[in-house]
file data-v2.tsv (TSV, C-alpha atoms)
chain	number	residue	atom	x	y	z
A	1	MET	CA	10.93	9.62	7.54
A	2	ILE	CA	9.53	6.64	9.38
A	3	VAL	CA	8.99	3.73	7.00
A	4	ALA	CA	6.33	1.10	7.59
A	5	ASP	CA	4.60	-1.63	5.62
A	6	ARG	CA	1.21	-3.24	5.87
A	7	LYS	CA	0.17	-6.19	7.95
A	8	LYS	CA	-1.59	-9.05	6.18
A	9	ILE	CA	-5.39	-8.90	6.14
A	10	PRO	CA	-5.99	-12.11	8.19
A	11	GLU	CA	-3.79	-10.79	11.04
A	12	ILE	CA	-5.77	-7.52	11.28
A	13	ARG	CA	-9.10	-9.34	10.82
A	14	ASP	CA	-8.35	-11.66	13.73
A	15	MET	CA	-7.43	-8.71	15.98
A	16	ILE	CA	-10.80	-7.00	15.46
A	17	ARG	CA	-13.23	-9.85	14.80
A	18	SER	CA	-14.77	-9.71	18.28
A	19	HIS	CA	-15.68	-6.01	17.95
A	20	LYS	CA	-18.88	-4.53	16.49
A	21	ARG	CA	-17.79	-1.16	15.11
A	22	VAL	CA	-14.20	-0.44	14.12
A	23	LEU	CA	-12.66	2.78	12.82
A	24	LEU	CA	-9.58	2.60	10.58
A	25	VAL	CA	-7.49	5.70	11.17
A	26	GLY	CA	-4.89	6.74	8.60
A	27	CYS	CA	-2.04	9.16	9.08
A	28	GLY	CA	-1.17	11.85	6.55
A	29	THR	CA	2.51	12.17	7.39
A	30	CYS	CA	5.41	9.64	7.05
A	31	VAL	CA	3.28	6.58	6.33
A	32	THR	CA	1.42	8.41	3.56
A	33	VAL	CA	4.75	9.18	1.89
A	34	CYS	CA	5.90	5.55	2.15
A	35	LEU	CA	2.52	4.41	0.78
A	36	ALA	CA	1.59	2.36	3.82
A	37	GLY	CA	-1.01	4.25	5.85
A	38	GLY	CA	-2.43	7.28	4.01
A	39	GLU	CA	-5.97	7.89	2.84
A	40	ARG	CA	-5.67	5.61	-0.20
A	41	GLU	CA	-4.25	2.70	1.78
A	42	VAL	CA	-6.97	3.17	4.41
A	43	GLY	CA	-9.56	2.85	1.62
A	44	ILE	CA	-7.94	-0.34	0.34
A	45	LEU	CA	-7.67	-1.86	3.81
A	46	GLY	CA	-11.26	-0.85	4.58
A	47	SER	CA	-12.61	-2.69	1.54
A	48	ALA	CA	-10.36	-5.70	2.13
A	49	LEU	CA	-11.26	-5.99	5.83
A	50	ARG	CA	-15.01	-5.65	5.28
A	51	MET	CA	-14.88	-8.46	2.71
A	52	SER	CA	-12.60	-10.63	4.82
A	53	LEU	CA	-14.76	-10.21	7.96
A	54	LYS	CA	-17.94	-10.99	6.02
A	55	LEU	CA	-16.38	-14.17	4.59
A	56	ALA	CA	-15.33	-15.17	8.13
A	57	GLY	CA	-18.94	-14.78	9.27
A	58	CYS	CA	-18.25	-11.73	11.45
A	59	THR	CA	-20.62	-8.78	11.59
A	60	VAL	CA	-18.22	-5.92	12.14
A	61	ALA	CA	-18.84	-2.44	10.70
A	62	VAL	CA	-15.60	-0.91	9.43
A	63	ASP	CA	-15.33	2.82	8.67
A	64	GLU	CA	-12.39	4.94	7.57
A	65	TYR	CA	-10.92	8.27	8.61
A	66	THR	CA	-7.53	9.86	7.96
A	67	ILE	CA	-5.99	12.64	10.01
A	68	GLU	CA	-3.01	14.82	9.19
A	69	ARG	CA	-0.77	13.41	11.89
A	70	GLN	CA	-1.35	10.75	14.54
A	71	CYS	CA	1.72	11.36	16.68
A	72	GLU	CA	0.62	14.79	17.92
A	73	ASP	CA	-2.34	15.19	20.22
A	74	ALA	CA	-3.60	18.44	18.64
A	75	PHE	CA	-4.15	16.70	15.31
A	76	ILE	CA	-6.31	14.04	16.98
A	77	ASP	CA	-8.93	16.65	17.94
A	78	ALA	CA	-10.63	16.26	14.54
A	79	LEU	CA	-10.96	12.52	15.12
A	80	ALA	CA	-12.04	12.61	18.78
A	81	PRO	CA	-15.80	13.29	18.32
A	82	ARG	CA	-16.15	10.23	16.05
A	83	VAL	CA	-14.35	7.76	18.30
A	84	LYS	CA	-17.23	7.31	20.76
A	85	GLU	CA	-19.26	5.71	17.93
A	86	TYR	CA	-16.73	2.85	17.73
A	87	ASP	CA	-15.59	0.11	20.08
A	88	ALA	CA	-12.11	-0.26	18.56
A	89	ILE	CA	-9.59	1.56	16.39
A	90	VAL	CA	-7.10	0.18	13.87
A	91	SER	CA	-4.30	2.70	13.42
A	92	LEU	CA	-2.47	2.90	10.12
A	93	GLY	CA	0.12	5.13	11.73
A	94	CYS	CA	3.58	4.14	12.91
A	95	GLY	CA	4.08	2.74	16.42
A	96	ALA	CA	4.15	6.29	17.78
A	97	GLY	CA	0.78	7.02	16.17
A	98	VAL	CA	-0.78	3.85	17.59
A	99	GLN	CA	0.39	4.76	21.10
A	100	THR	CA	-0.67	8.41	20.85
A	101	LEU	CA	-4.19	7.28	19.93
A	102	ALA	CA	-4.16	4.72	22.75
A	103	GLU	CA	-3.24	7.42	25.29
A	104	ARG	CA	-5.86	9.83	23.97
A	105	PHE	CA	-8.64	7.22	24.04
A	106	PRO	CA	-8.03	5.17	27.22
A	107	THR	CA	-11.26	3.17	27.00
A	108	THR	CA	-10.97	2.24	23.30
A	109	PRO	CA	-8.71	-0.63	22.18
A	110	VAL	CA	-6.23	0.53	19.51
A	111	TYR	CA	-4.67	-2.08	17.18
A	112	PRO	CA	-1.73	-1.64	14.78
A	113	GLY	CA	-2.48	-1.99	11.07
A	114	LEU	CA	1.16	-1.57	10.05
A	115	ASN	CA	4.55	-2.97	10.92
A	116	THR	CA	6.81	0.02	11.62
A	117	GLN	CA	10.20	-0.72	10.09
A	118	PHE	CA	12.82	2.03	10.31
A	119	ILE	CA	13.96	5.62	9.74
A	120	GLY	CA	14.88	5.73	6.09
A	121	ILE	CA	14.67	7.29	2.69
A	122	LEU	CA	13.01	6.68	-0.67
A	123	GLU	CA	15.88	5.02	-2.54
A	124	SER	CA	13.97	4.68	-5.82
A	125	GLN	CA	10.28	4.49	-6.75
A	126	GLY	CA	8.78	1.85	-4.47
A	127	VAL	CA	12.03	1.10	-2.59
A	128	TRP	CA	12.81	2.45	0.89
A	129	THR	CA	16.08	1.83	2.72
A	130	GLU	CA	17.20	2.24	6.32
A	131	LYS	CA	19.60	5.10	7.02
A	132	CYS	CA	19.34	5.98	10.71
A	133	LEU	CA	19.07	3.93	13.87
A	134	GLY	CA	18.21	6.90	16.11
A	135	CYS	CA	21.15	6.03	18.37
A	136	GLY	CA	21.05	9.39	20.12
A	137	HIS	CA	24.68	10.31	19.42
A	138	CYS	CA	25.21	11.14	15.75
A	139	ARG	CA	28.72	10.47	14.46
A	140	LEU	CA	28.10	11.00	10.74
A	141	GLY	CA	30.74	13.78	10.85
A	142	GLU	CA	33.39	11.17	11.63
A	143	PHE	CA	32.37	8.83	8.82
A	144	ALA	CA	32.09	11.06	5.75
A	145	GLY	CA	28.31	11.26	6.07
A	146	VAL	CA	27.69	7.50	5.85
A	147	CYS	CA	26.46	5.82	9.03
A	148	PRO	CA	28.31	2.59	9.87
A	149	ILE	CA	26.13	2.09	12.95
A	150	THR	CA	23.03	1.71	10.76
A	151	ARG	CA	24.42	0.57	7.45
A	152	CYS	CA	27.19	-1.85	8.48
A	153	ALA	CA	25.61	-5.17	9.45
A	154	LYS	CA	28.26	-5.59	12.19
A	155	ARG	CA	28.19	-1.91	13.20
A	156	LEU	CA	31.95	-1.75	12.81
A	157	LEU	CA	33.54	1.64	13.46
A	158	ASN	CA	37.11	1.01	12.24
A	159	GLY	CA	36.91	-0.32	8.72
A	160	PRO	CA	35.25	-3.18	6.86
A	161	CYS	CA	35.21	-6.83	7.81
A	162	GLY	CA	36.32	-9.66	5.53
A	163	GLY	CA	32.81	-9.97	4.15
A	164	SER	CA	33.12	-6.87	1.98
A	165	ARG	CA	33.23	-7.97	-1.69
A	166	GLU	CA	33.30	-5.55	-4.61
A	167	GLY	CA	31.47	-2.92	-2.61
A	168	LYS	CA	28.76	-5.29	-1.38
A	169	CYS	CA	28.07	-6.73	2.06
A	170	GLU	CA	28.16	-10.47	2.63
A	171	ILE	CA	24.66	-10.45	4.13
A	172	HIS	CA	23.04	-9.75	0.75
A	173	ALA	CA	24.22	-9.14	-2.80
A	174	ASP	CA	22.04	-6.00	-2.99
A	175	THR	CA	23.34	-4.50	0.26
A	176	GLU	CA	26.14	-1.98	-0.09
A	177	CYS	CA	29.16	-2.30	2.17
A	178	ALA	CA	28.89	0.82	4.35
A	179	TRP	CA	32.68	0.93	4.75
A	180	GLN	CA	33.21	0.87	0.99
A	181	ARG	CA	30.85	3.86	0.77
A	182	ILE	CA	32.68	5.61	3.62
A	183	TYR	CA	36.06	4.98	1.97
A	184	ASP	CA	34.93	6.13	-1.50
A	185	ARG	CA	33.33	9.27	-0.16
A	186	ALA	CA	36.23	10.12	2.16
A	187	LYS	CA	38.64	9.67	-0.75
A	188	ALA	CA	36.54	12.00	-2.94
A	189	LEU	CA	36.46	14.54	-0.11
A	190	GLY	CA	40.23	14.22	0.42
A	191	ILE	CA	39.84	13.30	4.10
A	192	LEU	CA	41.16	9.72	4.09
A	193	ALA	CA	43.90	10.73	6.55
A	194	LYS	CA	41.20	11.24	9.21
A	195	PHE	CA	40.82	7.47	9.29
A	196	ASP	CA	44.38	6.96	10.59
A	197	ALA	CA	42.97	7.63	14.04
A	198	ILE	CA	41.09	4.85	15.81
A	199	ALA	CA	37.35	5.59	16.17
A	200	GLN	CA	36.24	5.41	19.80
A	201	PRO	CA	33.69	2.81	20.89
A	202	HIS	CA	30.10	3.96	20.59
A	203	ASP	CA	28.20	5.10	23.67
A	204	TRP	CA	25.10	2.96	23.45
A	205	SER	CA	23.60	4.46	26.59
A	206	THR	CA	22.15	7.29	24.46
A	207	GLY	CA	20.26	4.73	22.36
A	208	ILE	CA	17.24	2.59	23.18
A	209	ASP	CA	19.48	0.32	25.29
A	210	GLY	CA	19.49	3.12	27.87
A	211	GLY	CA	15.70	2.91	28.16
A	212	PRO	CA	12.99	5.00	26.47
A	213	ARG	CA	14.30	8.47	25.66
A	214	LYS	CA	12.94	11.98	25.92
A	215	VAL	CA	13.96	15.29	24.37
A	216	ILE	CA	13.15	18.38	26.44
A	217	ARG	CA	13.35	21.99	25.29
A	218	GLU	CA	12.76	24.00	28.48
A	219	ASP	CA	12.34	27.28	26.55
A	220	GLN	CA	9.47	25.74	24.60
A	221	CYS	CA	7.67	24.21	27.57
A	222	ILE	CA	4.45	25.90	28.67
A	223	ALA	CA	4.06	26.77	32.36
A	224	GLY	CA	2.10	24.07	34.13
A	225	MET	CA	2.50	21.61	31.25
A	226	GLY	CA	6.27	21.13	30.87
A	227	PRO	CA	8.30	18.59	32.83
A	228	LYS	CA	9.86	21.10	35.24
A	229	ALA	CA	7.32	23.92	35.14
B	1	MET	CA	-30.57	-15.17	-15.17
B	2	GLU	CA	-30.08	-14.63	-11.41
B	3	SER	CA	-27.26	-17.18	-11.39
B	4	GLU	CA	-25.45	-15.74	-14.42
B	5	PRO	CA	-22.07	-14.31	-13.40
B	6	ILE	CA	-21.52	-10.56	-13.32
B	7	ILE	CA	-18.12	-9.77	-14.79
B	8	LEU	CA	-16.62	-6.34	-15.35
B	9	ALA	CA	-14.29	-5.75	-18.29
B	10	LEU	CA	-12.27	-2.65	-17.42
B	11	CYS	CA	-11.09	-1.66	-20.89
B	12	CYS	CA	-8.58	0.85	-22.13
B	13	HIS	CA	-10.12	3.36	-24.56
B	14	TYR	CA	-7.23	2.93	-27.01
B	15	CYS	CA	-7.20	-0.85	-27.37
B	16	ALA	CA	-9.59	-3.25	-25.64
B	17	TYR	CA	-12.59	-0.94	-25.87
B	18	ALA	CA	-12.03	-0.56	-29.62
B	19	ALA	CA	-11.45	-4.32	-29.86
B	20	ALA	CA	-14.79	-4.92	-28.10
B	21	ASP	CA	-16.38	-2.54	-30.59
B	22	MET	CA	-14.79	-4.49	-33.42
B	23	ALA	CA	-16.02	-7.79	-31.95
B	24	GLY	CA	-19.52	-6.32	-32.13
B	25	SER	CA	-19.06	-5.08	-35.71
B	26	MET	CA	-17.84	-8.55	-36.66
B	27	ARG	CA	-20.97	-10.06	-35.06
B	28	LEU	CA	-18.77	-12.18	-32.81
B	29	GLN	CA	-20.50	-13.76	-29.83
B	30	TYR	CA	-19.23	-13.35	-26.29
B	31	PRO	CA	-21.05	-13.97	-23.01
B	32	SER	CA	-23.60	-11.39	-21.90
B	33	SER	CA	-22.22	-11.68	-18.37
B	34	VAL	CA	-19.36	-9.34	-19.36
B	35	ARG	CA	-20.12	-5.64	-18.81
B	36	VAL	CA	-17.63	-3.42	-20.65
B	37	LEU	CA	-16.46	-0.21	-18.95
B	38	ARG	CA	-14.23	2.29	-20.72
B	39	PHE	CA	-11.17	3.85	-19.12
B	40	PRO	CA	-8.77	6.43	-20.56
B	41	CYS	CA	-5.95	3.95	-19.80
B	42	THR	CA	-5.66	0.86	-17.59
B	43	GLY	CA	-3.11	2.95	-15.65
B	44	LYS	CA	-6.13	4.85	-14.32
B	45	ILE	CA	-7.32	1.75	-12.45
B	46	GLU	CA	-6.38	1.76	-8.77
B	47	VAL	CA	-6.37	-1.17	-6.34
B	48	ASN	CA	-9.16	0.37	-4.24
B	49	TYR	CA	-11.35	0.70	-7.36
B	50	VAL	CA	-11.03	-3.04	-8.04
B	51	LEU	CA	-11.58	-4.02	-4.39
B	52	SER	CA	-14.64	-1.79	-4.01
B	53	ALA	CA	-16.15	-3.52	-7.07
B	54	PHE	CA	-15.66	-6.93	-5.45
B	55	GLU	CA	-17.11	-5.53	-2.23
B	56	ARG	CA	-20.27	-4.67	-4.17
B	57	GLY	CA	-20.65	-8.34	-5.13
B	58	ILE	CA	-19.08	-8.53	-8.59
B	59	ASP	CA	-18.10	-12.14	-9.49
B	60	GLY	CA	-15.04	-11.36	-11.60
B	61	ILE	CA	-13.04	-8.57	-13.20
B	62	MET	CA	-10.97	-8.64	-16.37
B	63	VAL	CA	-8.68	-5.71	-16.98
B	64	ALA	CA	-7.78	-5.29	-20.64
B	65	GLY	CA	-5.00	-2.94	-21.69
B	66	CYS	CA	-2.73	-2.32	-24.66
B	67	LEU	CA	0.01	-4.68	-25.71
B	68	GLU	CA	3.14	-4.20	-23.60
B	69	GLY	CA	5.18	-1.44	-25.23
B	70	GLY	CA	2.09	-0.08	-26.98
B	71	CYS	CA	0.52	2.08	-24.24
B	72	HIS	CA	-0.75	5.46	-25.45
B	73	TYR	CA	0.64	6.88	-22.22
B	74	LEU	CA	3.87	4.85	-22.53
B	75	GLU	CA	3.62	2.70	-19.39
B	76	GLY	CA	0.08	2.92	-18.01
B	77	ASN	CA	-0.57	-0.75	-18.85
B	78	LEU	CA	2.68	-1.82	-17.14
B	79	ARG	CA	1.69	0.05	-13.98
B	80	ALA	CA	-1.78	-1.51	-14.25
B	81	ARG	CA	-0.30	-5.01	-14.37
B	82	ARG	CA	1.64	-4.44	-11.14
B	83	ARG	CA	-1.43	-2.94	-9.46
B	84	ILE	CA	-3.57	-5.88	-10.56
B	85	GLU	CA	-0.96	-8.26	-9.12
B	86	ARG	CA	-1.17	-6.35	-5.84
B	87	ALA	CA	-4.98	-6.52	-5.92
B	88	GLN	CA	-4.69	-10.29	-6.54
B	89	GLN	CA	-2.56	-10.60	-3.38
B	90	PHE	CA	-5.31	-8.83	-1.44
B	91	LEU	CA	-7.98	-11.11	-2.95
B	92	ASP	CA	-6.00	-14.16	-1.79
B	93	GLU	CA	-5.63	-12.75	1.73
B	94	ILE	CA	-9.33	-11.81	1.86
B	95	GLY	CA	-10.31	-15.35	0.84
B	96	LEU	CA	-12.00	-14.46	-2.47
B	97	GLY	CA	-9.09	-15.87	-4.47
B	98	ALA	CA	-6.84	-14.17	-7.01
B	99	GLY	CA	-8.45	-16.07	-9.91
B	100	ARG	CA	-11.45	-13.74	-9.96
B	101	LEU	CA	-9.23	-10.97	-11.32
B	102	GLU	CA	-7.08	-11.12	-14.46
B	103	MET	CA	-5.20	-8.72	-16.69
B	104	PHE	CA	-5.05	-9.18	-20.46
B	105	ASN	CA	-3.19	-7.30	-23.18
B	106	LEU	CA	-4.48	-6.85	-26.71
B	107	SER	CA	-4.51	-4.33	-29.55
B	108	SER	CA	-7.46	-2.40	-30.95
B	109	ALA	CA	-7.35	-4.60	-34.06
B	110	GLU	CA	-8.02	-7.80	-32.09
B	111	GLY	CA	-11.80	-8.08	-32.03
B	112	PRO	CA	-11.72	-11.90	-32.08
B	113	ARG	CA	-9.18	-11.88	-29.23
B	114	PHE	CA	-11.54	-9.73	-27.14
B	115	ALA	CA	-14.38	-12.21	-27.67
B	116	GLU	CA	-11.95	-15.01	-26.76
B	117	ILE	CA	-10.74	-13.49	-23.46
B	118	ALA	CA	-14.30	-12.49	-22.49
B	119	THR	CA	-15.37	-16.11	-23.03
B	120	GLU	CA	-12.30	-17.40	-21.16
B	121	MET	CA	-13.07	-15.15	-18.17
B	122	HIS	CA	-16.76	-16.13	-18.22
B	123	GLU	CA	-15.88	-19.84	-18.20
B	124	ARG	CA	-13.37	-19.34	-15.41
B	125	ILE	CA	-15.93	-17.53	-13.22
B	126	VAL	CA	-18.62	-20.14	-13.94
B	127	LYS	CA	-16.14	-22.77	-12.75
B	128	LEU	CA	-15.30	-20.78	-9.60
B	129	GLY	CA	-19.00	-20.21	-8.88
B	130	PRO	CA	-20.62	-16.99	-7.71
B	131	SER	CA	-18.66	-14.69	-5.42
B	132	PRO	CA	-19.36	-15.55	-1.77
B	133	LEU	CA	-20.11	-11.82	-1.43
B	134	ARG	CA	-22.65	-11.91	-4.25
B	135	ARG	CA	-25.96	-10.24	-3.49
B	136	GLU	CA	-29.15	-10.39	-5.54
B	137	ARG	CA	-28.60	-9.43	-9.15
B	138	ALA	CA	-30.51	-6.14	-9.08
B	139	ALA	CA	-28.42	-4.85	-6.15
B	140	VAL	CA	-25.14	-5.82	-7.81
B	141	MET	CA	-26.20	-4.29	-11.14
B	142	ALA	CA	-27.08	-1.04	-9.34
B	143	GLY	CA	-23.51	-1.13	-8.01
B	144	VAL	CA	-22.22	-1.79	-11.53
B	145	GLU	CA	-24.03	1.29	-12.80
B	146	LYS	CA	-22.43	3.34	-10.03
B	147	ILE	CA	-19.02	1.96	-11.05
B	148	ALA	CA	-19.82	2.79	-14.69
B	149	GLN	CA	-20.64	6.37	-13.73
B	150	GLU	CA	-17.34	6.59	-11.84
B	151	SER	CA	-15.43	5.31	-14.88
B	152	LEU	CA	-17.21	7.88	-17.08
B	153	ALA	CA	-16.27	10.59	-14.60
B	154	ALA	CA	-12.66	9.36	-14.79
B	155	LEU	CA	-12.81	9.53	-18.58
B	156	ALA	CA	-14.31	13.04	-18.51
B	157	GLY	CA	-11.56	14.13	-16.12
B	158	GLU	CA	-8.97	12.82	-18.55
B	159	THR	CA	-10.36	14.53	-21.67
B	160	LYS	CA	-11.20	17.92	-20.10

call {"tool": "encode", "arguments": {"input": "data-v2.tsv", "output": "structure tokens"}}
result
Amino acid sequence: MIVADRKKIPEIRDMIRSHKRVLLVGCGTCVTVCLAGGEREVGILGSALRMSLKLAGCTVAVDEYTIERQCEDAFIDALAPRVKEYDAIVSLGCGAGVQTLAERFPTTPVYPGLNTQFIGILESQGVWTEKCLGCGHCRLGEFAGVCPITRCAKRLLNGPCGGSREGKCEIHADTECAWQRIYDRAKALGILAKFDAIAQPHDWSTGIDGGPRKVIREDQCIAGMGPKA
Amino acid sequence: MESEPIILALCCHYCAYAAADMAGSMRLQYPSSVRVLRFPCTGKIEVNYVLSAFERGIDGIMVAGCLEGGCHYLEGNLRARRRIERAQQFLDEIGLGAGRLEMFNLSSAEGPRFAEIATEMHERIVKLGPSPLRRERAAVMAGVEKIAQESLAALAGETK
């Protein structure tokens, strides 16, 4: 899932202080699961912002609404009739949610309430860790199911660097060395011999360095709405 | 009267609420600014509940749960402490200040301790002055009654 965390109240307050009526929009998908932008967090931010704005001498009405998913236009239909009552939106979705709302409502400013962090997992209660960079060319099959592109600080593809100490990375005592994990898992799987071959350099053109990406499924496109139809 | 602080004591049914009861039985004095609300466990108290109380103009909130290790629900009071710390971070960012919210731990046998922490919280809030979001007393008290009803509903939900 996409993992995000909240922005500080003064930062959001200063983005919206010149508006009169602001709608906080939560998202019921990834950011609800990572406890950053669901209905409960929208309620907390709503209370906090109203108090903060009042203390700053601003008269801004702040209301709350949470939809099932911000990153898909069909789910925004439920929100659309309410938006005309407001002169700005604060989205508690990820960056994709913020931009989907901005495209749907071209005359309404949309501000981010969260800092989108990464694609990751729930490691333990209250702790999320990054697992995927979205590089566009998955090579987990080569590395025993552990991604060195995301989890090695140097993105090394042919073994650990000299900073690997007792299974930990030199960047932080809590950060696992991805190559130690790859080695341990490959050994357990009995595939260590695979690592005798040199791993080829990564093709970064499939990642964000090649510009914004798009996935197209022609068979799913609707006539008149798809890219080639 | 109008300038007297309005402080909520969000009390766990199994400890602080009984301690408050004991303080009364012992004829101990504590400030009338403290309004006691009963919860099934301090673990029931969410951050948004605390913030919405401050939004209604409450001057201070004391959360009183069982001694650490003594929670009827094992770790409700430990969760409450972390949530209260998070709410304090919000209060600092908002500009109200974390000092208006505090968590205490005590057992049901500590009536004098309840009177002591209620007095301590009252004195702290008097020193801080009224909340900058404070409205006229009647309006805040109406909000307090609404909060009390919500806490009763929470209790009813727990004992159903």

call {"tool": "interface_residues", "arguments": {"input": "data-v2.tsv", "of": "chain A", "to": "chain B", "cutoff": "7 Å", "atoms": "only C-alpha atoms", "output": "VMD selection string"}}
result
chain A and resid 9 to 10 43 to 44 47 to 48 51 to 52

call {"tool": "write_last_selection", "arguments": {"input": "data-v2.tsv", "atoms": "C-alpha atoms", "output": "short mmCIF file (atom, residue, chain, number, x, y, z; two decimals), keeping the file's coordinate frame"}}
result
data_model
loop_
_atom_site.label_atom_id
_atom_site.label_comp_id
_atom_site.auth_asym_id
_atom_site.auth_seq_id
_atom_site.Cartn_x
_atom_site.Cartn_y
_atom_site.Cartn_z
CA ILE A 9 -5.39 -8.90 6.14
CA PRO A 10 -5.99 -12.11 8.19
CA GLY A 43 -9.56 2.85 1.62
CA ILE A 44 -7.94 -0.34 0.34
CA SER A 47 -12.61 -2.69 1.54
CA ALA A 48 -10.36 -5.70 2.13
CA MET A 51 -14.88 -8.46 2.71
CA SER A 52 -12.60 -10.63 4.82
#

call {"tool": "residues_around", "arguments": {"input": "data-v2.tsv", "residues": "Arg27 of chain B", "least_positions_apart": "3", "cutoff": "12 Å", "atoms": "all atoms listed in the file", "output": "short mmCIF file (atom, residue, chain, number, x, y, z; two decimals) with C-alpha atoms, in the frame of the given file"}}
result
data_model
loop_
_atom_site.label_atom_id
_atom_site.label_comp_id
_atom_site.auth_asym_id
_atom_site.auth_seq_id
_atom_site.Cartn_x
_atom_site.Cartn_y
_atom_site.Cartn_z
CA ALA B 20 -14.79 -4.92 -28.10
CA ASP B 21 -16.38 -2.54 -30.59
CA MET B 22 -14.79 -4.49 -33.42
CA ALA B 23 -16.02 -7.79 -31.95
CA GLY B 24 -19.52 -6.32 -32.13
CA TYR B 30 -19.23 -13.35 -26.29
CA GLY B 111 -11.80 -8.08 -32.03
CA PRO B 112 -11.72 -11.90 -32.08
CA ALA B 115 -14.38 -12.21 -27.67
#

call {"tool": "residues_around", "arguments": {"input": "data-v2.tsv", "residues": "Ala88 of chain A", "least_positions_apart": "5", "cutoff": "7 Å", "atoms": "only C-alpha atoms", "output": "list of chain:residue names"}}
result
A:His19, A:Arg21, A:Val22, A:Leu23, A:Thr108, A:Pro109, A:Val110

call {"tool": "closest_residue", "arguments": {"input": "data-v2.tsv", "among": "B:Val34, B:Cys41, B:Leu101, B:Met62", "to": "Glu4 of chain B", "atoms": "only C-alpha atoms"}}
result
B:Val34

call {"tool": "residues_around", "arguments": {"input": "data-v2.tsv", "residues": "Glu145 of chain B", "least_positions_apart": "6", "cutoff": "12 Å", "atoms": "only C-alpha atoms", "output": "PyMOL selection string"}}
result
chain B and resi 8+35-37+53+56+58+138-139+151-152

call {"tool": "closest_residue", "arguments": {"input": "data-v2.tsv", "among": "B:Ala109, B:Cys66, B:Val126, B:Ala148", "to": "Ser3 of chain B", "atoms": "all atoms listed in the file"}}
result
B:Val126

call {"tool": "residues_around", "arguments": {"input": "data-v2.tsv", "residues": "segment 121-125 of chain A", "least_positions_apart": "2", "cutoff": "12 Å", "atoms": "all atoms listed in the file", "output": "ChimeraX atom specification"}}
result
/A:1-4,30-31,33-35,117-119,127-132

call {"tool": "atom_distance", "arguments": {"input": "data-v2.tsv", "atom1": "atom CA of Leu67 of chain B", "atom2": "atom CA of Leu106 of chain B"}}
result
5.1 Å

call {"tool": "residues_around", "arguments": {"input": "data-v2.tsv", "residues": "Thr175 of chain A", "least_positions_apart": "2", "cutoff": "12 Å", "atoms": "only C-alpha atoms", "output": "PyMOL selection string"}}
result
chain A and resi 129-130+151-153+163-173+177-181
